[in-house]
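Printed here is start10.pdb (PDB, C-alpha atoms, pLDDT in the B column):
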```pdb
ATOM      1  CA  SER A  11      73.300 193.543 335.013  1.00 76.00           C
ATOM      2  CA  ALA A  12      69.625 193.842 335.935  1.00 85.00           C
ATOM      3  CA  VAL A  13      67.114 191.377 334.515  1.00 92.00           C
ATOM      4  CA  ILE A  14      64.168 193.209 332.993  1.00 95.00           C
ATOM      5  CA  SER A  15      60.850 191.520 332.222  1.00 95.00           C
ATOM      6  CA  GLN A  16      58.222 193.143 330.049  1.00 96.00           C
ATOM      7  CA  LYS A  17      54.628 192.027 329.622  1.00 97.00           C
ATOM      8  CA  PRO A  18      52.938 191.463 327.283  1.00 97.00           C
ATOM      9  CA  SER A  19      55.561 190.543 324.714  1.00 96.00           C
ATOM     10  CA  ARG A  20      53.140 191.335 321.894  1.00 96.00           C
ATOM     11  CA  ASP A  21      49.518 192.274 321.376  1.00 97.00           C
ATOM     12  CA  ILE A  22      47.063 193.133 318.655  1.00 97.00           C
ATOM     13  CA  CYS A  23      44.544 195.767 319.681  1.00 96.00           C
ATOM     14  CA  GLN A  24      41.558 197.544 318.252  1.00 96.00           C
ATOM     15  CA  ARG A  25      41.747 201.262 317.580  1.00 96.00           C
ATOM     16  CA  GLY A  26      40.346 203.425 320.345  1.00 97.00           C
ATOM     17  CA  THR A  27      41.312 200.994 323.093  1.00 97.00           C
ATOM     18  CA  SER A  28      44.137 201.284 325.640  1.00 97.00           C
ATOM     19  CA  LEU A  29      46.878 198.861 326.645  1.00 97.00           C
ATOM     20  CA  THR A  30      49.060 198.845 329.743  1.00 98.00           C
ATOM     21  CA  ILE A  31      52.591 197.480 329.457  1.00 98.00           C
ATOM     22  CA  GLN A  32      54.396 196.293 332.557  1.00 98.00           C
ATOM     23  CA  CYS A  33      58.124 196.422 333.267  1.00 97.00           C
ATOM     24  CA  GLN A  34      59.564 194.489 336.208  1.00 97.00           C
ATOM     25  CA  VAL A  35      63.207 194.636 337.291  1.00 97.00           C
ATOM     26  CA  ASP A  36      64.891 192.080 339.531  1.00 96.00           C
ATOM     27  CA  SER A  37      66.686 194.741 341.586  1.00 94.00           C
ATOM     28  CA  GLN A  38      65.989 198.252 342.803  1.00 93.00           C
ATOM     29  CA  VAL A  39      66.902 200.911 340.272  1.00 91.00           C
ATOM     30  CA  THR A  40      66.631 204.669 340.380  1.00 88.00           C
ATOM     31  CA  MET A  41      66.203 205.395 336.685  1.00 88.00           C
ATOM     32  CA  MET A  42      63.654 203.712 334.439  1.00 94.00           C
ATOM     33  CA  PHE A  43      62.845 204.808 330.910  1.00 95.00           C
ATOM     34  CA  TRP A  44      60.249 204.100 328.233  1.00 97.00           C
ATOM     35  CA  TYR A  45      61.071 204.130 324.510  1.00 96.00           C
ATOM     36  CA  ARG A  46      59.145 203.725 321.286  1.00 97.00           C
ATOM     37  CA  GLN A  47      60.620 202.077 318.214  1.00 95.00           C
ATOM     38  CA  GLN A  48      58.508 202.587 315.111  1.00 95.00           C
ATOM     39  CA  PRO A  49      58.892 200.046 312.295  1.00 92.00           C
ATOM     40  CA  GLY A  50      62.369 200.184 310.792  1.00 90.00           C
ATOM     41  CA  GLN A  51      63.359 203.132 312.958  1.00 92.00           C
ATOM     42  CA  SER A  52      65.654 203.885 315.856  1.00 93.00           C
ATOM     43  CA  LEU A  53      64.510 204.333 319.442  1.00 94.00           C
ATOM     44  CA  THR A  54      62.788 207.475 320.655  1.00 94.00           C
ATOM     45  CA  LEU A  55      62.601 208.266 324.355  1.00 94.00           C
ATOM     46  CA  ILE A  56      59.018 208.743 325.523  1.00 97.00           C
ATOM     47  CA  ALA A  57      59.641 209.573 329.173  1.00 95.00           C
ATOM     48  CA  THR A  58      61.678 208.991 332.282  1.00 94.00           C
ATOM     49  CA  ALA A  59      59.699 207.189 334.988  1.00 94.00           C
ATOM     50  CA  ASN A  60      60.457 208.757 338.350  1.00 84.00           C
ATOM     51  CA  GLN A  61      59.687 206.886 341.546  1.00 85.00           C
ATOM     52  CA  GLY A  62      57.388 208.905 343.778  1.00 82.00           C
ATOM     53  CA  SER A  63      56.745 211.692 341.297  1.00 84.00           C
ATOM     54  CA  GLU A  64      55.300 212.275 337.863  1.00 88.00           C
ATOM     55  CA  ALA A  65      57.145 211.051 334.817  1.00 93.00           C
ATOM     56  CA  THR A  66      59.233 213.467 332.771  1.00 94.00           C
ATOM     57  CA  TYR A  67      58.035 213.478 329.147  1.00 96.00           C
ATOM     58  CA  GLU A  68      60.046 214.253 326.030  1.00 94.00           C
ATOM     59  CA  SER A  69      58.924 216.719 323.446  1.00 94.00           C
ATOM     60  CA  GLY A  70      56.070 215.294 321.392  1.00 95.00           C
ATOM     61  CA  PHE A  71      54.795 212.943 324.092  1.00 97.00           C
ATOM     62  CA  VAL A  72      52.063 213.826 326.595  1.00 96.00           C
ATOM     63  CA  ILE A  73      50.776 212.278 329.768  1.00 96.00           C
ATOM     64  CA  ASP A  74      47.207 211.922 328.497  1.00 97.00           C
ATOM     65  CA  LYS A  75      48.368 209.678 325.664  1.00 97.00           C
ATOM     66  CA  PHE A  76      51.127 207.805 327.529  1.00 98.00           C
ATOM     67  CA  PRO A  77      50.392 207.770 331.263  1.00 97.00           C
ATOM     68  CA  ILE A  78      53.187 206.185 333.295  1.00 97.00           C
ATOM     69  CA  SER A  79      53.225 204.803 336.805  1.00 95.00           C
ATOM     70  CA  ARG A  80      56.257 204.060 338.968  1.00 95.00           C
ATOM     71  CA  PRO A  81      54.971 202.808 342.317  1.00 93.00           C
ATOM     72  CA  ASN A  82      58.329 201.476 343.555  1.00 93.00           C
ATOM     73  CA  LEU A  83      61.970 201.001 342.582  1.00 94.00           C
ATOM     74  CA  THR A  84      61.423 197.728 340.695  1.00 95.00           C
ATOM     75  CA  PHE A  85      58.258 198.292 338.655  1.00 96.00           C
ATOM     76  CA  SER A  86      56.749 200.655 336.107  1.00 97.00           C
ATOM     77  CA  THR A  87      53.867 200.673 333.671  1.00 97.00           C
ATOM     78  CA  LEU A  88      53.252 202.520 330.420  1.00 98.00           C
ATOM     79  CA  THR A  89      49.734 202.867 329.068  1.00 98.00           C
ATOM     80  CA  VAL A  90      49.131 203.595 325.403  1.00 98.00           C
ATOM     81  CA  SER A  91      45.741 205.302 325.344  1.00 98.00           C
ATOM     82  CA  ASN A  92      43.105 205.666 322.652  1.00 97.00           C
ATOM     83  CA  MET A  93      45.256 203.756 320.206  1.00 97.00           C
ATOM     84  CA  SER A  94      45.393 204.354 316.472  1.00 96.00           C
ATOM     85  CA  PRO A  95      47.325 202.478 313.766  1.00 95.00           C
ATOM     86  CA  GLU A  96      50.105 205.069 314.085  1.00 95.00           C
ATOM     87  CA  ASP A  97      50.812 203.692 317.565  1.00 97.00           C
ATOM     88  CA  SER A  98      51.890 200.345 316.082  1.00 97.00           C
ATOM     89  CA  SER A  99      55.449 200.067 317.376  1.00 97.00           C
ATOM     90  CA  ILE A 100      57.757 198.247 319.724  1.00 96.00           C
ATOM     91  CA  TYR A 101      57.676 199.742 323.224  1.00 97.00           C
ATOM     92  CA  LEU A 102      60.739 199.117 325.382  1.00 96.00           C
ATOM     93  CA  CYS A 103      61.588 199.852 328.957  1.00 96.00           C
ATOM     94  CA  SER A 104      65.135 200.288 330.149  1.00 95.00           C
ATOM     95  CA  VAL A 105      66.972 200.879 333.398  1.00 94.00           C
ATOM     96  CA  GLY A 106      69.916 203.159 334.033  1.00 89.00           C
ATOM     97  CA  GLN A 107      72.997 202.037 335.919  1.00 84.00           C
ATOM     98  CA  GLY A 108      74.334 205.444 336.892  1.00 83.00           C
ATOM     99  CA  ALA A 109      76.119 208.398 335.327  1.00 84.00           C
ATOM    100  CA  ASN A 110      77.905 207.600 332.043  1.00 87.00           C
ATOM    101  CA  GLN A 111      76.807 203.975 332.224  1.00 89.00           C
ATOM    102  CA  PRO A 112      74.757 202.084 329.627  1.00 90.00           C
ATOM    103  CA  GLN A 113      71.072 201.405 329.970  1.00 92.00           C
ATOM    104  CA  HIS A 114      69.791 197.836 329.868  1.00 94.00           C
ATOM    105  CA  PHE A 115      66.640 196.983 327.989  1.00 95.00           C
ATOM    106  CA  GLY A 116      63.751 194.599 328.261  1.00 93.00           C
ATOM    107  CA  ASP A 117      62.720 192.503 325.263  1.00 94.00           C
ATOM    108  CA  GLY A 118      60.031 194.972 324.288  1.00 95.00           C
ATOM    109  CA  THR A 119      56.307 194.829 323.612  1.00 97.00           C
ATOM    110  CA  ARG A 120      55.319 194.515 319.958  1.00 96.00           C
ATOM    111  CA  LEU A 121      52.043 196.328 319.510  1.00 97.00           C
ATOM    112  CA  SER A 122      49.855 196.264 316.410  1.00 97.00           C
ATOM    113  CA  ILE A 123      46.714 198.351 316.101  1.00 96.00           C
ATOM    114  CA  LEU A 124      44.009 197.303 313.680  1.00 93.00           C
TER     115      LEU A 124
ATOM    116  CA  GLY B1157      72.422 219.137 320.876  1.00 85.00           C
ATOM    117  CA  ASP B1158      74.258 215.850 321.046  1.00 90.00           C
ATOM    118  CA  SER B1159      73.835 213.474 318.120  1.00 94.00           C
ATOM    119  CA  VAL B1160      75.050 210.172 316.667  1.00 96.00           C
ATOM    120  CA  THR B1161      75.368 209.377 312.962  1.00 96.00           C
ATOM    121  CA  GLN B1162      75.770 205.848 311.621  1.00 95.00           C
ATOM    122  CA  MET B1163      76.629 204.688 308.151  1.00 83.00           C
ATOM    123  CA  GLU B1164      73.701 204.132 305.870  1.00 78.00           C
ATOM    124  CA  GLY B1165      72.348 200.618 305.684  1.00 83.00           C
ATOM    125  CA  PRO B1166      71.412 197.980 304.996  1.00 94.00           C
ATOM    126  CA  VAL B1167      74.741 196.154 304.830  1.00 96.00           C
ATOM    127  CA  THR B1168      74.995 192.702 303.268  1.00 97.00           C
ATOM    128  CA  LEU B1169      78.137 190.582 303.559  1.00 97.00           C
ATOM    129  CA  SER B1170      79.198 187.019 303.004  1.00 97.00           C
ATOM    130  CA  GLU B1171      80.149 184.806 305.917  1.00 97.00           C
ATOM    131  CA  GLU B1172      83.754 185.311 307.107  1.00 97.00           C
ATOM    132  CA  ALA B1173      83.960 188.795 305.582  1.00 97.00           C
ATOM    133  CA  PHE B1174      85.413 191.762 307.475  1.00 97.00           C
ATOM    134  CA  LEU B1175      82.842 194.135 308.951  1.00 97.00           C
ATOM    135  CA  THR B1176      83.031 197.857 309.609  1.00 97.00           C
ATOM    136  CA  ILE B1177      80.025 199.941 310.626  1.00 97.00           C
ATOM    137  CA  ASN B1178      80.913 203.605 310.913  1.00 97.00           C
ATOM    138  CA  CYS B1179      79.687 205.769 313.784  1.00 98.00           C
ATOM    139  CA  THR B1180      80.500 209.396 314.460  1.00 97.00           C
ATOM    140  CA  TYR B1181      79.150 211.599 317.188  1.00 96.00           C
ATOM    141  CA  THR B1182      78.698 215.245 318.081  1.00 95.00           C
ATOM    142  CA  ALA B1183      78.792 216.089 321.757  1.00 92.00           C
ATOM    143  CA  THR B1184      80.312 218.559 324.137  1.00 86.00           C
ATOM    144  CA  GLY B1185      82.289 217.204 327.035  1.00 85.00           C
ATOM    145  CA  TYR B1186      83.132 213.542 327.465  1.00 88.00           C
ATOM    146  CA  PRO B1187      80.338 211.137 326.625  1.00 94.00           C
ATOM    147  CA  SER B1188      80.408 207.391 327.074  1.00 95.00           C
ATOM    148  CA  LEU B1189      79.877 205.456 323.852  1.00 97.00           C
ATOM    149  CA  PHE B1190      78.056 202.181 323.252  1.00 97.00           C
ATOM    150  CA  TRP B1191      77.114 199.700 320.590  1.00 98.00           C
ATOM    151  CA  TYR B1192      73.810 197.878 321.020  1.00 98.00           C
ATOM    152  CA  VAL B1193      72.554 194.956 318.941  1.00 97.00           C
ATOM    153  CA  GLN B1194      68.956 193.997 318.227  1.00 96.00           C
ATOM    154  CA  TYR B1195      68.423 190.474 316.941  1.00 95.00           C
ATOM    155  CA  PRO B1196      65.184 189.748 315.055  1.00 90.00           C
ATOM    156  CA  GLY B1197      62.194 189.805 317.380  1.00 87.00           C
ATOM    157  CA  GLU B1198      64.226 190.788 320.431  1.00 89.00           C
ATOM    158  CA  GLY B1199      65.029 193.854 322.504  1.00 90.00           C
ATOM    159  CA  LEU B1200      68.332 195.707 322.588  1.00 93.00           C
ATOM    160  CA  GLN B1201      71.414 194.091 324.057  1.00 95.00           C
ATOM    161  CA  LEU B1202      74.521 195.987 325.030  1.00 96.00           C
ATOM    162  CA  LEU B1203      77.309 194.730 322.774  1.00 98.00           C
ATOM    163  CA  LEU B1204      80.233 196.817 324.004  1.00 97.00           C
ATOM    164  CA  LYS B1205      81.101 200.117 325.619  1.00 97.00           C
ATOM    165  CA  ALA B1206      83.885 202.673 326.047  1.00 97.00           C
ATOM    166  CA  THR B1207      83.840 205.405 328.665  1.00 94.00           C
ATOM    167  CA  LYS B1208      86.867 207.532 327.791  1.00 92.00           C
ATOM    168  CA  ALA B1209      89.092 208.467 324.881  1.00 93.00           C
ATOM    169  CA  ASP B1210      91.266 205.654 323.452  1.00 95.00           C
ATOM    170  CA  ASP B1211      89.290 202.986 325.325  1.00 96.00           C
ATOM    171  CA  LYS B1212      88.614 199.887 323.250  1.00 97.00           C
ATOM    172  CA  GLY B1213      85.406 198.011 323.902  1.00 97.00           C
ATOM    173  CA  SER B1214      85.209 194.375 322.799  1.00 97.00           C
ATOM    174  CA  ASN B1215      82.772 191.487 322.971  1.00 97.00           C
ATOM    175  CA  LYS B1216      81.922 188.411 320.871  1.00 95.00           C
ATOM    176  CA  GLY B1217      84.715 189.238 318.399  1.00 97.00           C
ATOM    177  CA  PHE B1218      83.449 192.797 317.882  1.00 98.00           C
ATOM    178  CA  GLU B1219      85.640 195.795 318.704  1.00 98.00           C
ATOM    179  CA  ALA B1220      85.292 199.577 318.730  1.00 98.00           C
ATOM    180  CA  THR B1221      87.778 202.258 319.799  1.00 98.00           C
ATOM    181  CA  TYR B1222      86.745 205.630 321.235  1.00 97.00           C
ATOM    182  CA  ARG B1223      88.543 208.176 319.008  1.00 96.00           C
ATOM    183  CA  LYS B1224      88.078 211.655 320.392  1.00 94.00           C
ATOM    184  CA  GLU B1225      90.185 213.317 317.702  1.00 94.00           C
ATOM    185  CA  THR B1226      87.864 212.046 314.971  1.00 95.00           C
ATOM    186  CA  THR B1227      84.741 211.813 317.199  1.00 96.00           C
ATOM    187  CA  SER B1228      84.249 208.253 316.020  1.00 97.00           C
ATOM    188  CA  PHE B1229      83.423 204.819 317.437  1.00 98.00           C
ATOM    189  CA  HIS B1230      83.459 202.458 314.464  1.00 98.00           C
ATOM    190  CA  LEU B1231      82.377 198.859 315.002  1.00 98.00           C
ATOM    191  CA  GLU B1232      84.589 196.126 313.504  1.00 98.00           C
ATOM    192  CA  LYS B1233      84.681 192.361 313.353  1.00 98.00           C
ATOM    193  CA  GLY B1234      87.271 190.326 311.540  1.00 96.00           C
ATOM    194  CA  SER B1235      85.083 187.440 310.393  1.00 96.00           C
ATOM    195  CA  VAL B1236      81.315 187.684 310.535  1.00 97.00           C
ATOM    196  CA  GLN B1237      78.904 184.790 310.920  1.00 97.00           C
ATOM    197  CA  VAL B1238      75.322 184.292 309.824  1.00 97.00           C
ATOM    198  CA  SER B1239      74.319 184.625 313.476  1.00 96.00           C
ATOM    199  CA  ASP B1240      75.608 188.224 313.484  1.00 97.00           C
ATOM    200  CA  SER B1241      72.677 189.265 311.289  1.00 97.00           C
ATOM    201  CA  ALA B1242      70.893 191.951 313.302  1.00 97.00           C
ATOM    202  CA  VAL B1243      70.393 195.694 313.613  1.00 96.00           C
ATOM    203  CA  TYR B1244      73.285 197.561 315.264  1.00 97.00           C
ATOM    204  CA  PHE B1245      72.845 200.871 317.103  1.00 97.00           C
ATOM    205  CA  CYS B1246      75.584 203.274 318.134  1.00 98.00           C
ATOM    206  CA  ALA B1247      74.699 205.430 321.143  1.00 97.00           C
ATOM    207  CA  LEU B1248      76.146 207.941 323.580  1.00 95.00           C
ATOM    208  CA  ILE B1249      75.352 209.194 327.046  1.00 93.00           C
ATOM    209  CA  LYS B1250      76.706 212.092 329.083  1.00 87.00           C
ATOM    210  CA  GLY B1251      76.393 211.953 332.841  1.00 80.00           C
ATOM    211  CA  ALA B1252      72.803 211.329 333.849  1.00 76.00           C
ATOM    212  CA  GLN B1253      71.391 212.700 330.599  1.00 77.00           C
ATOM    213  CA  LYS B1254      69.384 210.664 328.155  1.00 85.00           C
ATOM    214  CA  LEU B1255      70.799 208.010 325.851  1.00 92.00           C
ATOM    215  CA  VAL B1256      71.193 209.312 322.282  1.00 93.00           C
ATOM    216  CA  PHE B1257      70.928 206.713 319.497  1.00 95.00           C
ATOM    217  CA  GLY B1258      72.049 206.612 315.912  1.00 96.00           C
ATOM    218  CA  GLN B1259      69.565 205.518 313.267  1.00 95.00           C
ATOM    219  CA  GLY B1260      70.655 201.881 313.296  1.00 96.00           C
ATOM    220  CA  THR B1261      72.338 199.741 310.638  1.00 96.00           C
ATOM    221  CA  ARG B1262      70.758 196.502 309.471  1.00 96.00           C
ATOM    222  CA  LEU B1263      73.366 193.816 308.831  1.00 97.00           C
ATOM    223  CA  THR B1264      72.643 190.664 306.862  1.00 97.00           C
ATOM    224  CA  ILE B1265      75.234 187.902 306.570  1.00 97.00           C
ATOM    225  CA  ASN B1266      74.774 185.354 303.782  1.00 96.00           C
ATOM    226  CA  PRO B1267      76.202 181.844 304.079  1.00 94.00           C
TER     227      PRO B1267
END
```
Could you express the structure from this file as structure tokens?
Amino acid sequence: SAVISQKPSRDICQRGTSLTIQCQVDSQVTMMFWYRQQPGQSLTLIATANQGSEATYESGFVIDKFPISRPNLTFSTLTVSNMSPEDSSIYLCSVGQGANQPQHFGDGTRLSIL
Amino acid sequence: GDSVTQMEGPVTLSEEAFLTINCTYTATGYPSLFWYVQYPGEGLQLLLKATKADDKGSNKGFEATYRKETTSFHLEKGSVQVSDSAVYFCALIKGAQKLVFGQGTRLTINP
């Protein structure tokens, strides 16, 4: 399966600032996804990162707050903008392997907002 | 819409005990079913999968059977170890649609 590297692995940020999270895959993949995992909770899909077009956002998530880039088939970034303590979560990227196949996840970025 | 329901946690067992974590799903059509595991401080790892009815997924001593008649995919292990302490997520996917997760079950194994 694909090897997925996320950076940074963790960060502590001040409220009102923005942080960009990088996701690098060791092979070309069509589908890349970004998830949020709030403390003690399950995963919630933020958006699907589409190569060559705008990301597709889930209900409750907007581009102004979570802008996503997907410049090629091996890389994507998620920015968490104008952060508040409520944004303290683990952010994970994943890649899809095709229809009816599991997604594979990076190790996540643990974000704390002070 | 499609959904996954896991048994309430947390679950605490002694080493070498038998483990069952219940998972049921609601979905039209024929989803694929997965169990993921999240060890402390790490991301999600795929533990096992089943893509059609009556398939049994297995890995690291864990097993789960895709039961379409009961819409279930219960996770079992005959003898748990301290190193199995983690959060376990049941999930489904249909075609190219999004992955749907259960709420997760935290498992703690005491020596």
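Once the PyMOL selection byres ((chain A) within 8 of (chain B)) is applied to the shown structure, the selection contains Gln51, Ser52, Leu53, Leu102, Gly108, Ala109, Asn110, Gln111, Pro112, Gln113, His114, Phe115, Gly116, Asp117 and Gly118 of chain A.
Selection result for the displayed file, with the PyMOL selection byres ((chain A and resi 62) around 9) as criterion, is Asn60, Gln61, Ser63, Glu64, Arg80, Pro81 and Asn82 of chain A.
Coordinates place CA of Asn1215 (chain B) at a distance of 21.2 Å from CA of Thr1227 (chain B).
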Just say which residues the PyMOL selection byres ((chain B and resi 1157-1172) around 6) picks in this file, as a PyMOL selection string. chain B and resi 1173+1178-1183+1235-1237+1258+1261-1267
Using Å and a single decimal, report how far CA of Cys103 (chain A) sits from CA of Leu29 (chain A). 14.9 Å
Give me the residues within 9 Å of region 13-27 of chain A as a list in words, counting only C-alpha atoms and dropping any in the same chain fewer than 4 places off. Ile31, Gln32, Cys33, Gln34, Val35, Asp36, Ser37, Val90, Ser91, Asn92, Met93, Ser94, Pro95, Ile100, Leu102, Cys103, Ser104, Val105, His114, Phe115, Gly116, Asp117, Gly118, Thr119, Arg120, Leu121, Ser122, Ile123 and Leu124 of chain A
